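So this one's entry.cif, mmCIF, C-alpha atoms:
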```cif
data_my_file
loop_
_atom_site.group_PDB
_atom_site.id
_atom_site.type_symbol
_atom_site.label_atom_id
_atom_site.label_comp_id
_atom_site.auth_asym_id
_atom_site.auth_seq_id
_atom_site.Cartn_x
_atom_site.Cartn_y
_atom_site.Cartn_z
ATOM 1 C CA MET L 1 0.000 0.000 0.000
ATOM 2 C CA ALA L 2 1.281 3.385 -0.964
ATOM 3 C CA VAL L 3 1.496 5.860 1.860
ATOM 4 C CA ALA L 4 1.328 9.628 1.506
ATOM 5 C CA LEU L 5 1.644 12.217 4.217
ATOM 6 C CA VAL L 6 -0.929 14.965 4.170
ATOM 7 C CA ALA L 7 -1.495 17.882 6.502
ATOM 8 C CA VAL L 8 -4.868 17.859 8.244
ATOM 9 C CA ALA L 9 -5.903 20.693 10.550
ATOM 10 C CA ALA L 10 -3.278 21.165 13.240
ATOM 11 C CA GLY L 11 -1.319 17.984 12.641
ATOM 12 C CA ALA L 12 -0.120 15.539 10.041
ATOM 13 C CA VAL L 13 -1.992 12.300 9.430
ATOM 14 C CA ARG L 14 -1.147 9.247 7.421
ATOM 15 C CA TRP L 15 -3.173 8.738 4.275
ATOM 16 C CA VAL L 16 -3.258 5.193 2.993
ATOM 17 C CA ASN L 17 -4.217 4.507 -0.591
ATOM 18 C CA ARG L 18 -6.320 1.390 -0.235
ATOM 19 C CA ASP L 19 -7.496 -0.971 -2.928
ATOM 20 C CA THR L 20 -11.228 -1.251 -2.352
ATOM 21 C CA ALA L 21 -14.267 -2.942 -3.848
ATOM 22 C CA PRO L 22 -15.619 -1.255 -6.988
ATOM 23 C CA ALA L 23 -18.003 1.600 -6.411
ATOM 24 C CA ALA L 24 -21.604 0.590 -6.939
ATOM 25 C CA GLY L 25 -22.483 1.229 -10.560
ATOM 26 C CA ALA L 26 -18.882 2.025 -11.490
ATOM 27 C CA GLY L 27 -18.049 -1.267 -13.181
ATOM 28 C CA VAL L 28 -15.191 -3.652 -12.545
ATOM 29 C CA GLY L 29 -11.950 -2.363 -11.143
ATOM 30 C CA THR L 30 -10.468 -0.799 -8.072
ATOM 31 C CA ILE L 31 -10.643 2.681 -6.731
ATOM 32 C CA VAL L 32 -7.453 4.241 -5.484
ATOM 33 C CA ALA L 33 -7.934 7.370 -3.419
ATOM 34 C CA ARG L 34 -6.029 10.082 -5.214
ATOM 35 C CA LEU L 35 -5.156 13.175 -3.272
ATOM 36 C CA VAL L 36 -6.517 15.823 -5.603
ATOM 37 C CA PRO L 37 -6.720 19.388 -4.292
ATOM 38 C CA ARG L 38 -10.287 20.658 -4.052
ATOM 39 C CA GLU L 39 -11.580 24.177 -4.030
ATOM 40 C CA SER L 40 -13.770 24.675 -0.972
ATOM 41 C CA LEU L 41 -17.479 25.169 -1.552
ATOM 42 C CA PRO L 42 -19.463 27.729 0.431
ATOM 43 C CA ARG L 43 -21.006 26.459 3.644
ATOM 44 C CA ASP L 44 -24.596 27.184 2.731
ATOM 45 C CA LEU L 45 -27.888 25.297 3.183
ATOM 46 C CA THR L 46 -27.301 22.957 0.242
ATOM 47 C CA PRO L 47 -25.930 20.021 2.306
ATOM 48 C CA TYR L 48 -29.142 19.844 4.334
ATOM 49 C CA ALA L 49 -31.331 19.252 1.282
ATOM 50 C CA GLY L 50 -32.542 15.843 0.145
ATOM 51 C CA LEU L 51 -31.603 12.484 1.608
ATOM 52 C CA GLY L 52 -28.947 12.316 4.307
ATOM 53 C CA THR L 53 -27.441 9.605 6.462
ATOM 54 C CA TRP L 54 -25.654 9.499 9.815
ATOM 55 C CA VAL L 55 -22.427 7.957 11.134
ATOM 56 C CA ASP L 56 -21.391 8.521 14.739
ATOM 57 C CA GLY L 57 -18.076 8.000 16.474
ATOM 58 C CA PHE L 58 -19.103 4.613 17.817
ATOM 59 C CA ASP L 59 -19.625 3.435 14.241
ATOM 60 C CA PHE L 60 -16.087 4.057 13.036
ATOM 61 C CA GLY L 61 -13.748 5.203 15.827
ATOM 62 C CA PRO L 62 -10.974 2.579 16.251
ATOM 63 C CA ALA L 63 -10.669 3.245 19.985
ATOM 64 C CA ASP L 64 -14.215 2.196 20.852
ATOM 65 C CA THR L 65 -16.135 0.981 17.827
ATOM 66 C CA LYS L 66 -19.405 -0.600 18.974
ATOM 67 C CA THR L 67 -20.698 -1.324 15.490
ATOM 68 C CA THR L 68 -19.907 -4.721 13.997
ATOM 69 C CA PRO L 69 -18.625 -4.520 11.388
ATOM 70 C CA PRO L 70 -17.498 -0.898 11.744
ATOM 71 C CA VAL L 71 -18.475 1.651 9.136
ATOM 72 C CA THR L 72 -15.498 2.313 6.867
ATOM 73 C CA PRO L 73 -14.988 4.933 4.157
ATOM 74 C CA SER L 74 -15.842 2.282 1.565
ATOM 75 C CA ALA L 75 -19.464 2.584 2.782
ATOM 76 C CA ILE L 76 -19.554 5.914 0.947
ATOM 77 C CA ASP L 77 -19.971 3.969 -2.295
ATOM 78 C CA ASP L 78 -23.114 2.263 -0.982
ATOM 79 C CA MET L 79 -24.428 5.570 0.308
ATOM 80 C CA ALA L 80 -24.021 7.111 -3.133
ATOM 81 C CA ALA L 81 -25.694 4.113 -4.766
ATOM 82 C CA ASN L 82 -28.636 4.571 -2.384
ATOM 83 C CA GLY L 83 -29.169 8.201 -3.283
ATOM 84 C CA VAL L 84 -27.583 9.779 -0.217
ATOM 85 C CA LYS L 85 -26.679 13.419 -0.812
ATOM 86 C CA THR L 86 -25.068 14.240 2.536
ATOM 87 C CA LEU L 87 -23.178 12.317 5.198
ATOM 88 C CA TYR L 88 -23.560 13.634 8.746
ATOM 89 C CA LEU L 89 -20.354 12.538 10.485
ATOM 90 C CA GLN L 90 -19.537 12.825 14.187
ATOM 91 C CA ALA L 91 -15.970 13.832 13.480
ATOM 92 C CA VAL L 92 -15.138 15.271 16.901
ATOM 93 C CA ARG L 93 -16.015 14.262 20.463
ATOM 94 C CA ASP L 94 -15.547 15.310 24.061
ATOM 95 C CA ASP L 95 -14.407 11.875 25.180
ATOM 96 C CA SER L 96 -11.318 10.382 26.821
ATOM 97 C CA ARG L 97 -11.110 7.920 23.937
ATOM 98 C CA SER L 98 -10.654 10.872 21.583
ATOM 99 C CA PRO L 99 -8.313 12.982 23.728
ATOM 100 C CA GLU L 100 -7.386 15.321 20.878
ATOM 101 C CA GLY L 101 -10.988 15.830 19.843
ATOM 102 C CA VAL L 102 -11.028 14.401 16.325
ATOM 103 C CA VAL L 103 -12.194 10.771 16.474
ATOM 104 C CA ASP L 104 -9.464 9.598 14.078
ATOM 105 C CA ARG L 105 -7.738 12.087 11.798
ATOM 106 C CA ALA L 106 -6.793 9.642 9.055
ATOM 107 C CA LEU L 107 -10.243 8.063 8.898
ATOM 108 C CA VAL L 108 -12.051 11.390 9.005
ATOM 109 C CA ALA L 109 -9.872 12.629 6.146
ATOM 110 C CA GLU L 110 -10.608 9.480 4.173
ATOM 111 C CA PHE L 111 -14.373 9.779 4.743
ATOM 112 C CA LEU L 112 -14.246 13.407 3.658
ATOM 113 C CA ILE L 113 -12.235 12.935 0.463
ATOM 114 C CA ARG L 114 -14.055 9.796 -0.609
ATOM 115 C CA ALA L 115 -17.445 11.424 -0.042
ATOM 116 C CA HIS L 116 -16.472 14.415 -2.145
ATOM 117 C CA ARG L 117 -15.151 12.168 -4.899
ATOM 118 C CA ARG L 118 -18.533 10.393 -4.959
ATOM 119 C CA GLY L 119 -20.453 13.653 -5.057
ATOM 120 C CA LEU L 120 -21.633 13.708 -1.427
ATOM 121 C CA ARG L 121 -21.472 16.656 0.940
ATOM 122 C CA VAL L 122 -20.296 16.087 4.522
ATOM 123 C CA VAL L 123 -21.596 17.879 7.618
ATOM 124 C CA GLY L 124 -19.457 17.457 10.716
ATOM 125 C CA TRP L 125 -21.270 17.401 14.050
ATOM 126 C CA TYR L 126 -20.363 17.509 17.708
ATOM 127 C CA LEU L 127 -22.197 16.831 20.992
ATOM 128 C CA PRO L 128 -21.314 19.504 23.575
ATOM 129 C CA LYS L 129 -21.636 18.688 27.267
ATOM 130 C CA PHE L 130 -21.601 22.359 28.397
ATOM 131 C CA THR L 131 -19.287 21.731 31.361
ATOM 132 C CA ASP L 132 -16.381 23.507 29.661
ATOM 133 C CA LEU L 133 -17.518 26.004 27.044
ATOM 134 C CA ASP L 134 -13.953 26.766 25.944
ATOM 135 C CA LEU L 135 -13.433 23.090 25.171
ATOM 136 C CA ASP L 136 -16.817 22.788 23.415
ATOM 137 C CA PHE L 137 -16.031 25.817 21.288
ATOM 138 C CA ALA L 138 -12.552 24.489 20.475
ATOM 139 C CA ARG L 139 -14.039 21.150 19.397
ATOM 140 C CA LEU L 140 -16.508 22.867 17.079
ATOM 141 C CA GLN L 141 -13.685 24.937 15.651
ATOM 142 C CA GLN L 142 -11.801 21.710 14.932
ATOM 143 C CA ILE L 143 -14.640 20.751 12.603
ATOM 144 C CA ALA L 144 -14.715 24.185 11.002
ATOM 145 C CA ASP L 145 -10.934 24.245 10.514
ATOM 146 C CA PHE L 146 -10.421 20.630 9.410
ATOM 147 C CA ASP L 147 -8.864 20.663 5.940
ATOM 148 C CA VAL L 148 -7.074 18.128 3.788
ATOM 149 C CA LEU L 149 -5.895 19.454 0.426
ATOM 150 C CA GLY L 150 -8.843 21.833 0.258
ATOM 151 C CA HIS L 151 -11.372 19.195 1.314
ATOM 152 C CA ARG L 152 -13.204 20.568 4.326
ATOM 153 C CA PHE L 153 -16.556 19.930 5.923
ATOM 154 C CA ASP L 154 -19.467 21.356 3.962
ATOM 155 C CA GLY L 155 -21.299 22.233 7.158
ATOM 156 C CA VAL L 156 -21.020 22.347 10.949
ATOM 157 C CA ALA L 157 -23.860 21.188 13.193
ATOM 158 C CA VAL L 158 -24.297 21.127 16.970
ATOM 159 C CA ASP L 159 -25.992 18.134 18.601
ATOM 160 C CA ILE L 160 -28.002 19.798 21.372
ATOM 161 C CA GLU L 161 -29.277 17.039 23.642
ATOM 162 C CA ASP L 162 -26.990 16.481 26.642
ATOM 163 C CA VAL L 163 -28.911 16.973 29.892
ATOM 164 C CA GLN L 164 -26.762 14.880 32.231
ATOM 165 C CA ASP L 165 -23.625 16.950 32.667
ATOM 166 C CA VAL L 166 -25.178 20.330 33.537
ATOM 167 C CA THR L 167 -28.377 19.511 35.372
ATOM 168 C CA ASP L 168 -29.524 23.026 36.281
ATOM 169 C CA VAL L 169 -31.793 23.982 33.385
ATOM 170 C CA ALA L 170 -31.305 27.744 33.584
ATOM 171 C CA ASP L 171 -27.540 27.311 33.750
ATOM 172 C CA ARG L 172 -27.539 24.842 30.860
ATOM 173 C CA ASN L 173 -29.705 27.130 28.748
ATOM 174 C CA GLN L 174 -27.376 30.077 29.308
ATOM 175 C CA ARG L 175 -24.327 27.962 28.502
ATOM 176 C CA LEU L 176 -26.006 26.773 25.304
ATOM 177 C CA ILE L 177 -26.798 30.368 24.307
ATOM 178 C CA ASP L 178 -23.254 31.513 25.104
ATOM 179 C CA LEU L 179 -21.663 28.670 23.125
ATOM 180 C CA SER L 180 -23.988 29.226 20.175
ATOM 181 C CA THR L 181 -23.295 32.969 20.200
ATOM 182 C CA ARG L 182 -19.539 32.358 20.103
ATOM 183 C CA LEU L 183 -19.924 29.828 17.302
ATOM 184 C CA ARG L 184 -22.128 32.197 15.302
ATOM 185 C CA ALA L 185 -19.595 35.017 15.624
ATOM 186 C CA ALA L 186 -16.708 32.766 14.572
ATOM 187 C CA SER L 187 -18.621 31.256 11.638
ATOM 188 C CA GLY L 188 -19.455 34.492 9.872
ATOM 189 C CA GLY L 189 -21.908 33.825 7.080
ATOM 190 C CA ASP L 190 -21.539 30.031 7.178
ATOM 191 C CA ALA L 191 -24.785 28.125 7.660
ATOM 192 C CA LEU L 192 -24.976 26.422 11.058
ATOM 193 C CA GLY L 193 -27.140 23.430 11.917
ATOM 194 C CA ALA L 194 -28.917 22.836 15.241
ATOM 195 C CA ILE L 195 -29.667 19.169 15.928
ATOM 196 C CA VAL L 196 -32.434 19.412 18.529
ATOM 197 C CA LEU L 197 -34.705 17.252 20.632
ATOM 198 C CA PRO L 198 -38.180 16.982 19.095
ATOM 199 C CA PRO L 199 -40.556 19.373 20.865
ATOM 200 C CA VAL L 200 -43.145 16.613 21.297
ATOM 201 C CA LEU L 201 -40.655 14.855 23.572
ATOM 202 C CA THR L 202 -39.949 17.892 25.739
ATOM 203 C CA GLU L 203 -43.420 19.473 25.687
ATOM 204 C CA VAL L 204 -45.744 16.460 25.730
ATOM 205 C CA VAL L 205 -44.023 13.149 26.482
ATOM 206 C CA ASN L 206 -41.686 14.346 29.246
ATOM 207 C CA LYS L 207 -41.936 18.011 30.203
ATOM 208 C CA ARG L 208 -39.146 17.616 32.750
ATOM 209 C CA TYR L 209 -36.570 16.395 30.206
ATOM 210 C CA TRP L 210 -35.482 19.869 29.043
ATOM 211 C CA PRO L 211 -38.065 22.491 30.019
ATOM 212 C CA ASN L 212 -37.937 26.083 28.797
ATOM 213 C CA PHE L 213 -35.640 25.301 25.890
ATOM 214 C CA PRO L 214 -34.361 28.707 24.660
ATOM 215 C CA TYR L 215 -35.764 28.686 21.124
ATOM 216 C CA PRO L 216 -36.166 32.489 20.782
ATOM 217 C CA GLU L 217 -32.572 33.145 21.820
ATOM 218 C CA LEU L 218 -31.220 30.441 19.490
ATOM 219 C CA HIS L 219 -33.351 31.412 16.496
ATOM 220 C CA PRO L 220 -30.947 34.059 15.090
ATOM 221 C CA LEU L 221 -27.901 31.879 15.757
ATOM 222 C CA TYR L 222 -28.720 28.866 13.572
ATOM 223 C CA ASP L 223 -29.774 28.555 9.951
ATOM 224 C CA VAL L 224 -31.239 25.041 9.781
ATOM 225 C CA TRP L 225 -32.970 22.864 12.363
ATOM 226 C CA LEU L 226 -32.675 19.079 12.559
ATOM 227 C CA PRO L 227 -35.259 17.669 15.020
ATOM 228 C CA MET L 228 -34.547 14.109 16.173
ATOM 229 C CA SER L 229 -38.036 12.781 15.483
ATOM 230 C CA TYR L 230 -37.345 9.202 16.566
ATOM 231 C CA TRP L 231 -40.889 7.847 16.562
ATOM 232 C CA THR L 232 -39.517 4.343 17.157
ATOM 233 C CA PHE L 233 -38.931 5.345 20.806
ATOM 234 C CA ARG L 234 -42.603 6.117 21.358
ATOM 235 C CA SER L 235 -45.267 3.629 22.421
ATOM 236 C CA GLU L 236 -48.207 2.624 20.252
ATOM 237 C CA SER L 237 -50.609 3.771 22.958
ATOM 238 C CA SER L 238 -49.193 7.311 22.892
ATOM 239 C CA GLY L 239 -50.257 7.804 19.295
ATOM 240 C CA TYR L 240 -46.736 8.975 18.460
ATOM 241 C CA HIS L 241 -45.302 5.674 17.235
ATOM 242 C CA ASP L 242 -45.920 6.907 13.714
ATOM 243 C CA GLY L 243 -43.544 8.269 11.107
ATOM 244 C CA TYR L 244 -45.935 11.070 10.182
ATOM 245 C CA THR L 245 -47.537 12.149 13.464
ATOM 246 C CA TYR L 246 -44.402 12.458 15.574
ATOM 247 C CA ASN L 247 -42.362 14.373 13.012
ATOM 248 C CA ASP L 248 -45.235 16.549 11.785
ATOM 249 C CA GLU L 249 -46.202 17.745 15.252
ATOM 250 C CA SER L 250 -42.576 18.232 16.282
ATOM 251 C CA THR L 251 -41.854 20.302 13.178
ATOM 252 C CA ARG L 252 -44.936 22.470 13.682
ATOM 253 C CA ARG L 253 -44.117 22.990 17.365
ATOM 254 C CA LEU L 254 -40.491 23.760 16.498
ATOM 255 C CA ARG L 255 -41.439 26.503 14.053
ATOM 256 C CA SER L 256 -44.002 27.912 16.470
ATOM 257 C CA ASN L 257 -41.421 28.017 19.265
ATOM 258 C CA LEU L 258 -38.984 29.779 16.953
ATOM 259 C CA GLY L 259 -41.671 32.222 15.847
ATOM 260 C CA ASP L 260 -40.703 31.385 12.284
ATOM 261 C CA GLY L 261 -43.136 29.470 10.090
ATOM 262 C CA GLY L 262 -40.508 29.259 7.363
ATOM 263 C CA ALA L 263 -37.654 27.887 9.485
ATOM 264 C CA VAL L 264 -35.496 25.514 7.417
ATOM 265 C CA VAL L 265 -35.903 21.926 8.620
ATOM 266 C CA HIS L 266 -34.120 18.660 7.882
ATOM 267 C CA ALA L 267 -35.942 16.026 9.937
ATOM 268 C CA ILE L 268 -34.227 12.952 11.369
ATOM 269 C CA GLY L 269 -36.389 9.838 11.752
ATOM 270 C CA GLY L 270 -35.543 6.942 13.946
ATOM 271 C CA ILE L 271 -34.101 4.242 14.460
ATOM 272 C CA GLY L 272 -32.799 2.320 11.435
ATOM 273 C CA ASP L 273 -33.270 -1.257 12.579
ATOM 274 C CA LEU L 274 -36.727 -0.553 14.033
ATOM 275 C CA VAL L 275 -38.448 1.250 11.170
ATOM 276 C CA THR L 276 -40.753 -0.385 8.639
ATOM 277 C CA THR L 277 -41.323 0.519 5.009
ATOM 278 C CA GLU L 278 -44.847 1.669 5.896
ATOM 279 C CA GLU L 279 -43.404 4.026 8.507
ATOM 280 C CA LEU L 280 -40.984 5.353 5.892
ATOM 281 C CA ASP L 281 -43.968 6.196 3.696
ATOM 282 C CA ARG L 282 -45.531 8.153 6.540
ATOM 283 C CA PHE L 283 -42.262 9.916 7.389
ATOM 284 C CA ALA L 284 -41.631 10.890 3.761
ATOM 285 C CA GLN L 285 -45.128 12.349 3.485
ATOM 286 C CA SER L 286 -44.589 14.403 6.639
ATOM 287 C CA LEU L 287 -41.480 15.926 5.060
ATOM 288 C CA VAL L 288 -43.529 16.998 2.059
ATOM 289 C CA ASP L 289 -46.472 18.360 4.047
ATOM 290 C CA ASP L 290 -44.180 20.246 6.425
ATOM 291 C CA ARG L 291 -42.075 21.707 3.606
ATOM 292 C CA ALA L 292 -38.847 20.257 4.975
ATOM 293 C CA VAL L 293 -35.806 20.568 2.727
ATOM 294 C CA GLY L 294 -34.516 17.091 3.565
ATOM 295 C CA GLY L 295 -34.715 14.077 5.799
ATOM 296 C CA SER L 296 -32.791 11.079 7.085
ATOM 297 C CA ILE L 297 -32.999 8.009 9.293
ATOM 298 C CA TYR L 298 -30.639 7.418 12.221
ATOM 299 C CA ASP L 299 -28.319 5.825 11.311
ATOM 300 C CA TRP L 300 -26.522 4.222 8.351
ATOM 301 C CA SER L 301 -25.156 1.204 10.227
ATOM 302 C CA SER L 302 -28.508 0.249 11.775
ATOM 303 C CA MET L 303 -30.448 0.226 8.510
ATOM 304 C CA THR L 304 -30.742 -3.009 6.558
ATOM 305 C CA PRO L 305 -29.996 -2.936 2.821
ATOM 306 C CA ALA L 306 -33.742 -3.261 2.194
ATOM 307 C CA ILE L 307 -34.568 -0.206 4.330
ATOM 308 C CA ARG L 308 -31.761 1.792 2.711
ATOM 309 C CA ALA L 309 -33.177 0.959 -0.720
ATOM 310 C CA ALA L 310 -36.741 1.744 0.355
ATOM 311 C CA LEU L 311 -35.678 5.112 1.751
ATOM 312 C CA ALA L 312 -33.767 5.879 -1.447
ATOM 313 C CA GLU L 313 -36.872 5.114 -3.516
ATOM 314 C CA ARG L 314 -38.996 7.555 -1.531
ATOM 315 C CA PHE L 315 -36.509 10.333 -2.239
ATOM 316 C CA ALA L 316 -35.913 9.359 -5.874
ATOM 317 C CA THR L 317 -39.431 8.809 -7.195
ATOM 318 C CA GLY L 318 -41.709 8.688 -4.148
ATOM 319 C CA ALA L 319 -43.263 11.238 -1.841
ATOM 320 C CA ALA L 320 -40.027 13.037 -0.963
ATOM 321 C CA ALA L 321 -38.772 13.343 -4.530
ATOM 322 C CA HIS L 322 -39.740 17.005 -4.858
ATOM 323 C CA LEU L 323 -38.890 18.646 -1.541
ATOM 324 C CA PRO L 324 -38.356 22.406 -1.799
ATOM 325 C CA ALA L 325 -34.826 23.682 -2.235
ATOM 326 C CA PRO L 326 -33.434 25.509 0.794
ATOM 327 C CA GLY L 327 -33.050 29.207 0.577
#
```
Whole structure given in structure tokens:
Amino acid sequence: MAVALVAVAAGAVRWVNRDTAPAAGAGVGTIVARLVPRESLPRDLTPYAGLGTWVDGFDFGPADTKTTPPVTPSAIDDMAANGVKTLYLQAVRDDSRSPEGVVDRALVAEFLIRAHRRGLRVVGWYLPKFTDLDLDFARLQQIADFDVLGHRFDGVAVDIEDVQDVTDVADRNQRLIDLSTRLRAASGGDALGAIVLPPVLTEVVNKRYWPNFPYPELHPLYDVWLPMSYWTFRSESSGYHDGYTYNDESTRRLRSNLGDGGAVVHAIGGIGDLVTTEELDRFAQSLVDDRAVGGSIYDWSSMTPAIRAALAERFATGAAAHLPAPG
């Protein structure tokens, strides 16, 4: 295997040119990752449109991979074959197993370059714990600054869901606002994504989970909202174990809380190995009726090939084939 040294962010990483299986639809042969400089694209709303998919640190991080087999950069080829437009990658963590922040520099670089070569955008995301705002901000800046030969993340998104590390709600809310304000100032005109708990969860199912979430204060700080509408967590008796009902009500509540009926939404449905094709139909229709710009199921590794194909069909020729463009 040929080895090249490339500079990534603050340090050098090893890039390994691997012989891999042929890309789906690309014919017979091997793909060798060629380090071709890339001109950076603007970080606008485009990556949040259409079909996305998710990979978290537990799916690919060598230090603590919990997914068997782990998700490797070669999965990008299957994502492309299944109509995925954007990969949402947990590139950075606040975790002792990722002491420098980035989960694995070489792998993250490989995901990024391979995705771009296959025509996918990549949004990097991070889960802040709010105990150390300087560290949280530095981790988010690692995503923003990550660069390998001009290949950088096409978007930065904040996973806003941790309620265990700062238990005082008022304190947590203020820390979230402060972190978001700093990120907004540092990001300039770049589009920022807010991955948020679905309002049905916090306003109906469990009002004590995160009460008084500061939607009005966050509204001017983020450009696109990604509610985690995991209906698979809800019981049948609640009426919310439904791909349409849970996401539709959460999206409407989200926009009402923001005071913005036109807020840009990319909805995340749940969970890949628990969804059915009928639920995908309902979820796809909710995206259309709620004028979302895109949607996804959490996550790539948990979906079966049949569910991946069914989701692709709904975005290619089915209900979600004509979602409005963001803007």
Within 12 Å of range 94-112 of chain L: each range 153-220 of chain L residue with its shortest pair, all atoms listed in the file, as CSV:
```
residue,atom,partner,partner_atom,distance
L:Phe153,CA,L:Leu112,CA,7.3
L:Asp154,CA,L:Leu112,CA,9.5
L:Gly155,CA,L:Leu112,CA,11.8
L:Asp162,CA,L:Asp94,CA,11.8
L:Asp165,CA,L:Asp94,CA,11.9
```
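Applied to this file, the PyMOL selection byres ((chain L and resi 300) around 7) selects the residues Thr53, Trp54, Val55, Tyr298, Asp299, Ser301, Ser302 and Met303 of chain L.
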Keeping C-alpha atoms for every residue in the selection just given, could you write it to a file as a PDB file, keeping the file's coordinate frame?
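again-v9.pdb written:
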```pdb
ATOM      1  CA  THR L  53     -27.441   9.605   6.462  1.00  0.00           C
ATOM      2  CA  TRP L  54     -25.654   9.499   9.815  1.00  0.00           C
ATOM      3  CA  VAL L  55     -22.427   7.957  11.134  1.00  0.00           C
ATOM      4  CA  TYR L 298     -30.639   7.418  12.221  1.00  0.00           C
ATOM      5  CA  ASP L 299     -28.319   5.825  11.311  1.00  0.00           C
ATOM      6  CA  SER L 301     -25.156   1.204  10.227  1.00  0.00           C
ATOM      7  CA  SER L 302     -28.508   0.249  11.775  1.00  0.00           C
ATOM      8  CA  MET L 303     -30.448   0.226   8.510  1.00  0.00           C
TER       9      MET L 303
END
```
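Nearest residue to Ala325 in chain L among L:Leu133, L:Leu140, L:Ala284, L:Gly294 is L:Gly294, counting only C-alpha atoms.
For Val123 in chain L, the set of protein, DNA and RNA residues having any atom at most 8 Å away, when counting all atoms listed in the file and skipping those fewer than 6 positions along the same chain, is Pro47, Thr86, Leu87, Tyr88, Leu89, Phe153, Asp154, Gly155, Val156 and Ala157 of chain L.
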The selected residues should be written to file as a JSON list (two decimals), in the frame of the given file (atoms: C-alpha atoms).
```
[["chain", "number", "residue", "atom", "x", "y", "z"],
["L", 47, "PRO", "CA", -25.93, 20.02, 2.31],
["L", 86, "THR", "CA", -25.07, 14.24, 2.54],
["L", 87, "LEU", "CA", -23.18, 12.32, 5.20],
["L", 88, "TYR", "CA", -23.56, 13.63, 8.75],
["L", 89, "LEU", "CA", -20.35, 12.54, 10.48],
["L", 153, "PHE", "CA", -16.56, 19.93, 5.92],
["L", 154, "ASP", "CA", -19.47, 21.36, 3.96],
["L", 155, "GLY", "CA", -21.30, 22.23, 7.16],
["L", 156, "VAL", "CA", -21.02, 22.35, 10.95],
["L", 157, "ALA", "CA", -23.86, 21.19, 13.19]]
```
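Between Asp281 in chain L and the candidates L:Val293, L:Leu311, L:Ile113, L:Ile268, the tightest atom-to-atom separation, counting all atoms listed in the file, involves L:Leu311.
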